[in-house]
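Engineer: Contents of protein_14.cif (mmCIF, C-alpha atoms and all ligand atoms) are given next:
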```cif
data_start
#
loop_
_atom_site.group_PDB
_atom_site.id
_atom_site.type_symbol
_atom_site.label_atom_id
_atom_site.label_comp_id
_atom_site.auth_asym_id
_atom_site.auth_seq_id
_atom_site.Cartn_x
_atom_site.Cartn_y
_atom_site.Cartn_z
ATOM 1 C CA MET A 1272 9.666 -4.231 2.918
ATOM 2 C CA LYS A 1273 10.946 -7.593 1.754
ATOM 3 C CA ILE A 1274 8.667 -10.641 2.062
ATOM 4 C CA ASP A 1275 9.966 -14.158 1.370
ATOM 5 C CA VAL A 1276 7.336 -16.880 1.066
ATOM 6 C CA LEU A 1277 8.328 -20.512 1.638
ATOM 7 C CA THR A 1278 5.655 -22.615 -0.054
ATOM 8 C CA LEU A 1279 4.989 -25.807 -2.023
ATOM 9 C CA PHE A 1280 2.539 -23.854 -4.225
ATOM 10 C CA PRO A 1281 4.234 -20.637 -5.436
ATOM 11 C CA GLU A 1282 1.755 -20.433 -8.386
ATOM 12 C CA MET A 1283 -1.020 -19.585 -5.919
ATOM 13 C CA PHE A 1284 0.620 -16.182 -5.356
ATOM 14 C CA GLU A 1285 0.488 -15.110 -9.028
ATOM 15 C CA THR A 1286 -2.811 -13.250 -8.501
ATOM 16 C CA LEU A 1287 -1.044 -10.873 -6.077
ATOM 17 C CA LYS A 1288 0.857 -9.414 -9.044
ATOM 18 C CA SER A 1289 -2.361 -7.869 -10.351
ATOM 19 C CA SER A 1290 -4.133 -5.147 -8.352
ATOM 20 C CA ILE A 1291 -2.712 -2.758 -5.788
ATOM 21 C CA ILE A 1292 -0.057 -5.130 -4.429
ATOM 22 C CA GLY A 1293 1.253 -5.660 -7.969
ATOM 23 C CA LYS A 1294 1.597 -1.885 -8.395
ATOM 24 C CA ALA A 1295 3.565 -1.676 -5.136
ATOM 25 C CA ILE A 1296 5.883 -4.460 -6.339
ATOM 26 C CA GLU A 1297 6.438 -2.610 -9.657
ATOM 27 C CA LYS A 1298 7.220 0.596 -7.716
ATOM 28 C CA ASN A 1299 9.757 -1.386 -5.610
ATOM 29 C CA ILE A 1300 7.901 -0.451 -2.415
ATOM 30 C CA ILE A 1301 7.520 -4.119 -1.546
ATOM 31 C CA GLU A 1302 9.593 -7.053 -2.751
ATOM 32 C CA ILE A 1303 8.008 -10.514 -2.746
ATOM 33 C CA ASN A 1304 10.180 -13.578 -3.307
ATOM 34 C CA LEU A 1305 8.491 -16.939 -3.794
ATOM 35 C CA ILE A 1306 10.622 -19.883 -2.692
ATOM 36 C CA ASN A 1307 9.454 -23.347 -3.718
ATOM 37 C CA ILE A 1308 10.217 -25.672 -0.803
ATOM 38 C CA ARG A 1309 10.277 -28.576 -3.286
ATOM 39 C CA ASP A 1310 13.405 -27.109 -4.915
ATOM 40 C CA PHE A 1311 15.271 -28.101 -1.733
ATOM 41 C CA SER A 1312 14.338 -31.782 -1.829
ATOM 42 C CA LYS A 1313 17.366 -34.052 -2.203
ATOM 43 C CA ASP A 1314 15.123 -36.897 -3.317
ATOM 44 C CA LYS A 1315 15.299 -37.977 -6.972
ATOM 45 C CA HIS A 1316 11.507 -37.700 -7.176
ATOM 46 C CA LYS A 1317 11.509 -34.286 -5.428
ATOM 47 C CA LYS A 1318 9.592 -35.759 -2.483
ATOM 48 C CA VAL A 1319 9.191 -33.390 0.472
ATOM 49 C CA ASP A 1320 6.913 -35.350 2.819
ATOM 50 C CA ASP A 1321 6.791 -38.680 4.601
ATOM 51 C CA THR A 1322 4.488 -40.701 6.856
ATOM 52 C CA PRO A 1323 4.092 -39.551 10.478
ATOM 53 C CA TYR A 1324 6.043 -41.326 13.229
ATOM 54 C CA GLY A 1325 3.504 -42.944 15.551
ATOM 55 C CA GLY A 1326 1.141 -43.578 12.673
ATOM 56 C CA GLY A 1327 -1.997 -41.806 11.592
ATOM 57 C CA ALA A 1328 -3.465 -40.348 8.441
ATOM 58 C CA GLY A 1329 -1.742 -38.111 5.944
ATOM 59 C CA MET A 1330 1.799 -36.956 5.353
ATOM 60 C CA VAL A 1331 4.187 -34.645 7.214
ATOM 61 C CA ILE A 1332 6.658 -32.262 5.549
ATOM 62 C CA ARG A 1333 10.267 -33.206 6.349
ATOM 63 C CA PRO A 1334 12.250 -30.789 8.544
ATOM 64 C CA ASP A 1335 15.485 -30.902 6.506
ATOM 65 C CA VAL A 1336 13.802 -29.719 3.288
ATOM 66 C CA VAL A 1337 12.083 -26.791 5.061
ATOM 67 C CA TYR A 1338 15.337 -25.916 6.865
ATOM 68 C CA ASP A 1339 17.317 -25.782 3.618
ATOM 69 C CA ALA A 1340 14.642 -23.571 2.030
ATOM 70 C CA TYR A 1341 14.814 -21.296 5.086
ATOM 71 C CA LYS A 1342 18.633 -21.127 4.961
ATOM 72 C CA SER A 1343 18.420 -19.908 1.347
ATOM 73 C CA VAL A 1344 16.701 -16.694 2.573
ATOM 74 C CA TYR A 1345 18.242 -16.511 6.074
ATOM 75 C CA ASP A 1346 18.592 -13.042 7.610
ATOM 76 C CA LYS A 1347 19.163 -12.617 11.350
ATOM 77 C CA ASN A 1348 16.886 -9.546 11.340
ATOM 78 C CA ALA A 1349 13.955 -11.213 9.561
ATOM 79 C CA LYS A 1350 10.786 -12.224 11.394
ATOM 80 C CA VAL A 1351 9.722 -15.787 10.550
ATOM 81 C CA ILE A 1352 5.957 -16.329 10.639
ATOM 82 C CA TYR A 1353 4.243 -19.712 10.435
ATOM 83 C CA LEU A 1354 0.609 -19.527 9.281
ATOM 84 C CA SER A 1355 -1.447 -22.017 11.240
ATOM 85 C CA PRO A 1356 -4.795 -22.346 13.050
ATOM 86 C CA GLN A 1357 -2.758 -22.702 16.275
ATOM 87 C CA GLY A 1358 -1.431 -19.141 16.024
ATOM 88 C CA LYS A 1359 -2.772 -15.998 17.629
ATOM 89 C CA VAL A 1360 -5.616 -14.654 15.474
ATOM 90 C CA LEU A 1361 -4.536 -11.739 13.265
ATOM 91 C CA ASP A 1362 -6.090 -8.355 14.021
ATOM 92 C CA GLN A 1363 -5.506 -4.807 12.737
ATOM 93 C CA LYS A 1364 -3.105 -3.965 15.624
ATOM 94 C CA LYS A 1365 -0.910 -6.972 14.741
ATOM 95 C CA VAL A 1366 -1.044 -5.952 11.052
ATOM 96 C CA GLU A 1367 0.209 -2.443 11.931
ATOM 97 C CA ASN A 1368 3.053 -3.868 14.028
ATOM 98 C CA LEU A 1369 4.113 -6.292 11.279
ATOM 99 C CA SER A 1370 4.183 -3.412 8.784
ATOM 100 C CA LEU A 1371 7.074 -1.916 10.805
ATOM 101 C CA GLU A 1372 9.320 -4.929 10.049
ATOM 102 C CA ASN A 1373 11.900 -4.751 7.256
ATOM 103 C CA HIS A 1374 11.872 -8.427 6.335
ATOM 104 C CA LEU A 1375 9.199 -11.083 6.803
ATOM 105 C CA ILE A 1376 9.621 -14.775 6.020
ATOM 106 C CA LEU A 1377 6.214 -16.479 5.673
ATOM 107 C CA LEU A 1378 6.192 -20.263 6.035
ATOM 108 C CA CYS A 1379 3.219 -22.086 4.482
ATOM 109 C CA GLY A 1380 2.438 -25.630 5.521
ATOM 110 C CA HIS A 1381 0.353 -28.292 3.816
ATOM 111 C CA TYR A 1382 -0.817 -31.883 4.337
ATOM 112 C CA GLU A 1383 -0.977 -32.861 8.036
ATOM 113 C CA GLY A 1384 1.759 -30.440 9.014
ATOM 114 C CA ILE A 1385 5.466 -29.702 9.160
ATOM 115 C CA ASP A 1386 7.863 -31.650 11.423
ATOM 116 C CA GLN A 1387 7.770 -29.866 14.802
ATOM 117 C CA ARG A 1388 11.572 -29.737 15.172
ATOM 118 C CA VAL A 1389 12.113 -27.311 12.301
ATOM 119 C CA LEU A 1390 9.191 -25.155 13.469
ATOM 120 C CA ASP A 1391 10.769 -24.928 16.954
ATOM 121 C CA GLU A 1392 14.092 -24.013 15.341
ATOM 122 C CA ILE A 1393 13.079 -21.246 12.903
ATOM 123 C CA VAL A 1394 9.615 -19.820 13.712
ATOM 124 C CA ASP A 1395 9.412 -16.516 15.627
ATOM 125 C CA GLU A 1396 5.657 -16.181 15.579
ATOM 126 C CA GLU A 1397 2.637 -18.324 14.716
ATOM 127 C CA ILE A 1398 -0.321 -16.469 13.210
ATOM 128 C CA SER A 1399 -3.845 -17.654 12.356
ATOM 129 C CA ILE A 1400 -6.273 -15.720 10.153
ATOM 130 C CA GLY A 1401 -9.332 -17.171 11.892
ATOM 131 C CA ASP A 1402 -10.840 -20.181 13.610
ATOM 132 C CA TYR A 1403 -11.399 -22.462 10.633
ATOM 133 C CA VAL A 1404 -9.193 -24.991 8.833
ATOM 134 C CA LEU A 1405 -7.797 -24.414 5.358
ATOM 135 C CA THR A 1406 -5.862 -26.874 3.180
ATOM 136 C CA GLY A 1407 -2.647 -24.901 3.560
ATOM 137 C CA GLY A 1408 -0.994 -21.675 4.662
ATOM 138 C CA GLU A 1409 -0.977 -19.980 1.254
ATOM 139 C CA LEU A 1410 -4.279 -18.070 1.522
ATOM 140 C CA PRO A 1411 -3.373 -16.907 5.076
ATOM 141 C CA ALA A 1412 0.059 -15.769 3.789
ATOM 142 C CA MET A 1413 -1.692 -13.740 1.082
ATOM 143 C CA VAL A 1414 -3.957 -12.223 3.731
ATOM 144 C CA VAL A 1415 -0.859 -11.169 5.711
ATOM 145 C CA ILE A 1416 0.809 -9.746 2.573
ATOM 146 C CA ASP A 1417 -2.315 -7.805 1.563
ATOM 147 C CA THR A 1418 -3.152 -6.380 4.989
ATOM 148 C CA VAL A 1419 0.452 -5.485 5.874
ATOM 149 C CA SER A 1420 1.184 -3.907 2.469
ATOM 150 C CA ARG A 1421 -1.621 -1.395 2.922
ATOM 151 C CA TYR A 1422 0.378 0.163 5.775
ATOM 152 C CA ILE A 1423 3.577 0.597 3.768
ATOM 153 C CA GLU A 1424 4.098 4.203 2.698
ATOM 154 C CA GLY A 1425 3.078 4.674 -0.943
ATOM 155 C CA VAL A 1426 0.957 1.548 -1.363
ATOM 156 C CA ILE A 1427 -2.369 3.324 -0.793
ATOM 157 C CA ASN A 1428 -3.162 6.870 0.237
ATOM 158 C CA LYS A 1429 -2.873 7.651 3.940
ATOM 159 C CA ALA A 1430 -6.453 8.838 4.431
ATOM 160 C CA SER A 1431 -7.849 5.396 3.663
ATOM 161 C CA THR A 1432 -5.852 3.673 6.420
ATOM 162 C CA ASN A 1433 -6.676 6.402 8.948
ATOM 163 C CA GLU A 1434 -10.411 6.541 8.305
ATOM 164 C CA GLU A 1435 -11.190 2.882 7.777
ATOM 165 C CA SER A 1436 -12.870 0.257 9.938
ATOM 166 C CA PHE A 1437 -10.905 -0.794 13.046
ATOM 167 C CA SER A 1438 -8.340 2.040 12.919
ATOM 168 C CA ASN A 1439 -10.530 3.831 15.491
ATOM 169 C CA GLY A 1440 -11.873 0.531 16.852
ATOM 170 C CA LEU A 1441 -15.241 1.096 15.136
ATOM 171 C CA LEU A 1442 -16.852 -0.079 11.891
ATOM 172 C CA GLU A 1443 -17.144 2.291 8.954
ATOM 173 C CA TYR A 1444 -20.030 4.673 8.367
ATOM 174 C CA PRO A 1445 -22.126 4.080 5.207
ATOM 175 C CA GLN A 1446 -20.956 5.546 1.881
ATOM 176 C CA TYR A 1447 -23.067 6.980 -0.956
ATOM 177 C CA THR A 1448 -22.362 8.169 -4.488
ATOM 178 C CA ARG A 1449 -24.422 9.284 -7.495
ATOM 179 C CA PRO A 1450 -27.258 9.025 -8.390
ATOM 180 C CA GLU A 1451 -28.797 11.189 -5.668
ATOM 181 C CA GLU A 1452 -31.918 8.995 -5.838
ATOM 182 C CA PHE A 1453 -31.790 5.212 -6.476
ATOM 183 C CA LEU A 1454 -34.871 2.895 -6.448
ATOM 184 C CA GLY A 1455 -36.733 5.688 -4.663
ATOM 185 C CA LYS A 1456 -34.080 5.983 -1.938
ATOM 186 C CA LYS A 1457 -32.490 9.427 -1.447
ATOM 187 C CA VAL A 1458 -28.914 10.013 -0.240
ATOM 188 C CA PRO A 1459 -29.093 11.371 3.345
ATOM 189 C CA ASP A 1460 -29.637 15.174 3.121
ATOM 190 C CA ILE A 1461 -26.785 15.950 5.479
ATOM 191 C CA LEU A 1462 -24.199 14.534 3.018
ATOM 192 C CA ILE A 1463 -25.405 16.989 0.348
ATOM 193 C CA SER A 1464 -25.523 19.949 2.777
ATOM 194 C CA GLY A 1465 -21.810 20.741 2.435
ATOM 195 C CA HIS A 1466 -21.634 21.324 6.215
ATOM 196 C CA HIS A 1467 -18.448 19.359 6.988
ATOM 197 C CA GLU A 1468 -18.654 19.649 10.764
ATOM 198 C CA ASN A 1469 -22.168 18.165 10.791
ATOM 199 C CA ILE A 1470 -21.162 15.530 8.244
ATOM 200 C CA ASN A 1471 -18.278 14.366 10.472
ATOM 201 C CA LYS A 1472 -20.576 14.274 13.496
ATOM 202 C CA TRP A 1473 -23.193 12.266 11.553
ATOM 203 C CA ARG A 1474 -20.537 9.818 10.346
ATOM 204 C CA GLN A 1475 -19.180 9.294 13.883
ATOM 205 C CA GLU A 1476 -22.704 8.626 15.167
ATOM 206 C CA LYS A 1477 -23.352 6.160 12.329
ATOM 207 C CA SER A 1478 -20.053 4.358 13.027
ATOM 208 C CA LEU A 1479 -21.026 3.884 16.654
ATOM 209 C CA GLU A 1480 -24.604 2.827 15.799
ATOM 210 C CA ILE A 1481 -23.440 0.261 13.211
ATOM 211 C CA THR A 1482 -20.781 -1.134 15.562
ATOM 212 C CA LYS A 1483 -23.346 -1.526 18.382
ATOM 213 C CA LEU A 1484 -25.676 -3.308 15.967
ATOM 214 C CA LYS A 1485 -23.273 -5.552 14.002
ATOM 215 C CA ARG A 1486 -20.185 -6.041 16.191
ATOM 216 C CA PRO A 1487 -20.997 -5.157 19.815
ATOM 217 C CA ASP A 1488 -17.955 -7.274 20.844
ATOM 218 C CA LEU A 1489 -15.684 -4.525 19.440
ATOM 219 C CA LEU A 1490 -17.003 -2.028 22.024
ATOM 220 C CA LYS A 1491 -15.996 -4.179 25.026
HETATM 221 C C1 LIG A 1501 -1.741 -24.951 7.919
HETATM 222 C C2 LIG A 1501 -2.878 -26.794 6.930
HETATM 223 C C3 LIG A 1501 -0.589 -25.687 7.991
HETATM 224 C C4 LIG A 1501 -1.730 -27.526 7.003
HETATM 225 C C5 LIG A 1501 -2.888 -25.512 7.394
HETATM 226 C C6 LIG A 1501 -0.588 -26.964 7.542
HETATM 227 C C7 LIG A 1501 -4.740 -21.420 8.840
HETATM 228 C C8 LIG A 1501 -5.600 -20.524 9.474
HETATM 229 C C9 LIG A 1501 -5.035 -22.754 8.346
HETATM 230 C C10 LIG A 1501 -4.155 -24.771 7.317
HETATM 231 N N1 LIG A 1501 -3.554 -20.829 8.769
HETATM 232 N N2 LIG A 1501 -4.906 -19.448 9.747
HETATM 233 N N3 LIG A 1501 -6.868 -20.682 9.792
HETATM 234 N N4 LIG A 1501 -4.010 -23.435 7.815
HETATM 235 O O1 LIG A 1501 -6.165 -23.212 8.428
HETATM 236 O O2 LIG A 1501 -3.649 -19.634 9.319
HETATM 237 CL CL1 LIG A 1501 0.859 -27.845 7.649
#
```
The structure given in the file should be rewritten as structure tokens.
Ligand code: 4FM

Structural biologist:
Amino acid sequence: MKIDVLTLFPEMFETLKSSIIGKAIEKNIIEINLINIRDFSKDKHKKVDDTPYGGGAGMVIRPDVVYDAYKSVYDKNAKVIYLSPQGKVLDQKKVENLSLENHLILLCGHYEGIDQRVLDEIVDEEISIGDYVLTGGELPAMVVIDTVSRYIEGVINKASTNEESFSNGLLEYPQYTRPEEFLGKKVPDILISGHHENINKWRQEKSLEITKLKRPDLLK
């Protein structure tokens, strides 16, 4: 999968190059291109924003600069996503669907927003990562990149995406490792029994119990 990111702060994405996503980039499983919107400013001071028509606080990013940045990565088959609190809130189903795309273009806003005309022209889908306000779309774009990448063949092993929280609509069962006793607490006997059928049954029961307790909304 190819992911182009249109942003005023490409440096924020450097941390992605470490960790699992970095490995996937090295293996050419995913390709991430960072496009600095500022590079498309025609202004001698590289200005990209201006005051809002109608007045009010803050600055608005000009449509022409964003449009030129977009044209530099244009692909009729790409899906253009604008990260904003006005979008539909991202969930695991949406993540799985996005992972089937070949080319994503992620548009990150800043300041008081981006001129509405260019958004209407280029954006296919508006996505939010939750009901709170950030200073820009960069962290949400990284959330999309991280969550979607996990579903691309070869990024992580298949078992982890199949067994994890939400894939069956439930939260995960508790995990234990050595030592067998820690601060006087023993690992549940059943996990040491070697009886895989009973272990699976116990884990399913725990998943349901934990979901009822912590996230009953997921069961509705
Ligand atoms: C987005 C600030 C665009 C300015 C933001 C502009 C957010 C969220 C968010 C802040 N994005 N989910 N929550 N963005 O708060 O996606 Cl122009």

Engineer: Would you name the residues within 10 Å of ligand LIG 1501 (chain A), counting only C-alpha atoms and all ligand atoms, and put them as a PDB file with C-alpha atoms, in the coordinates of the input?

Structural biologist:
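Output contents, as saved in part_31.pdb:
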```pdb
ATOM      1  CA  MET A1330       1.799 -36.956   5.353  1.00  0.00           C
ATOM      2  CA  VAL A1331       4.187 -34.645   7.214  1.00  0.00           C
ATOM      3  CA  ILE A1332       6.658 -32.262   5.549  1.00  0.00           C
ATOM      4  CA  TYR A1353       4.243 -19.712  10.435  1.00  0.00           C
ATOM      5  CA  LEU A1354       0.609 -19.527   9.281  1.00  0.00           C
ATOM      6  CA  SER A1355      -1.447 -22.017  11.240  1.00  0.00           C
ATOM      7  CA  PRO A1356      -4.795 -22.346  13.050  1.00  0.00           C
ATOM      8  CA  GLN A1357      -2.758 -22.702  16.275  1.00  0.00           C
ATOM      9  CA  GLY A1358      -1.431 -19.141  16.024  1.00  0.00           C
ATOM     10  CA  LYS A1359      -2.772 -15.998  17.629  1.00  0.00           C
ATOM     11  CA  VAL A1360      -5.616 -14.654  15.474  1.00  0.00           C
ATOM     12  CA  LEU A1361      -4.536 -11.739  13.265  1.00  0.00           C
ATOM     13  CA  LEU A1378       6.192 -20.263   6.035  1.00  0.00           C
ATOM     14  CA  CYS A1379       3.219 -22.086   4.482  1.00  0.00           C
ATOM     15  CA  GLY A1380       2.438 -25.630   5.521  1.00  0.00           C
ATOM     16  CA  HIS A1381       0.353 -28.292   3.816  1.00  0.00           C
ATOM     17  CA  TYR A1382      -0.817 -31.883   4.337  1.00  0.00           C
ATOM     18  CA  GLU A1383      -0.977 -32.861   8.036  1.00  0.00           C
ATOM     19  CA  GLY A1384       1.759 -30.440   9.014  1.00  0.00           C
ATOM     20  CA  ILE A1385       5.466 -29.702   9.160  1.00  0.00           C
ATOM     21  CA  ASP A1386       7.863 -31.650  11.423  1.00  0.00           C
ATOM     22  CA  GLU A1397       2.637 -18.324  14.716  1.00  0.00           C
ATOM     23  CA  ILE A1398      -0.321 -16.469  13.210  1.00  0.00           C
ATOM     24  CA  SER A1399      -3.845 -17.654  12.356  1.00  0.00           C
ATOM     25  CA  ILE A1400      -6.273 -15.720  10.153  1.00  0.00           C
ATOM     26  CA  GLY A1401      -9.332 -17.171  11.892  1.00  0.00           C
ATOM     27  CA  ASP A1402     -10.840 -20.181  13.610  1.00  0.00           C
ATOM     28  CA  TYR A1403     -11.399 -22.462  10.633  1.00  0.00           C
ATOM     29  CA  VAL A1404      -9.193 -24.991   8.833  1.00  0.00           C
ATOM     30  CA  LEU A1405      -7.797 -24.414   5.358  1.00  0.00           C
ATOM     31  CA  THR A1406      -5.862 -26.874   3.180  1.00  0.00           C
ATOM     32  CA  GLY A1407      -2.647 -24.901   3.560  1.00  0.00           C
ATOM     33  CA  GLY A1408      -0.994 -21.675   4.662  1.00  0.00           C
ATOM     34  CA  GLU A1409      -0.977 -19.980   1.254  1.00  0.00           C
ATOM     35  CA  LEU A1410      -4.279 -18.070   1.522  1.00  0.00           C
ATOM     36  CA  PRO A1411      -3.373 -16.907   5.076  1.00  0.00           C
ATOM     37  CA  ALA A1412       0.059 -15.769   3.789  1.00  0.00           C
ATOM     38  CA  VAL A1414      -3.957 -12.223   3.731  1.00  0.00           C
ATOM     39  CA  VAL A1415      -0.859 -11.169   5.711  1.00  0.00           C
TER      40      VAL A1415
END
```

Engineer: At a cut-off of 9 Å, using all atoms listed in the file, what residues contact Val1458 (chain A)? Leave out same-chain residues fewer than 6 positions from it and give the result as a list of chain:residue names.

Structural biologist: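 With the cut-off at 9 Å, the set is A:Tyr1447, A:Thr1448, A:Arg1449, A:Pro1450, A:Glu1451, A:Glu1452.
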
Engineer: If you count only C-alpha atoms, which residues fall within 10 Å of Thr1286 (chain A), apart from same-chain ones fewer than 5 positions away, as a VMD selection string?

Structural biologist: chain A and resid 1292 to 1293 1413

Engineer: Could those residues be written to a file, using C-alpha atoms, as an mmCIF file, keeping the file's coordinate frame?

Structural biologist:
```cif
data_model
loop_
_atom_site.group_PDB
_atom_site.id
_atom_site.type_symbol
_atom_site.label_atom_id
_atom_site.label_comp_id
_atom_site.auth_asym_id
_atom_site.auth_seq_id
_atom_site.Cartn_x
_atom_site.Cartn_y
_atom_site.Cartn_z
ATOM 1 C CA ILE A 1292 -0.057 -5.130 -4.429
ATOM 2 C CA GLY A 1293 1.253 -5.660 -7.969
ATOM 3 C CA MET A 1413 -1.692 -13.740 1.082
#
```

Engineer: Provide the CA of Lys1491 (chain A) to CA of Asn1439 (chain A) distance in Å, to one decimal place.

Structural biologist: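 About the pair CA of Lys1491 (chain A) and CA of Asn1439 (chain A): they are 13.6 Å apart.
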
Engineer: To one decimal place, how far is CA of Val1276 (chain A) from CA of Ser1436 (chain A) in Å?

Structural biologist: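 Taking CA of Val1276 (chain A) and CA of Ser1436 (chain A), their separation equals 27.9 Å.
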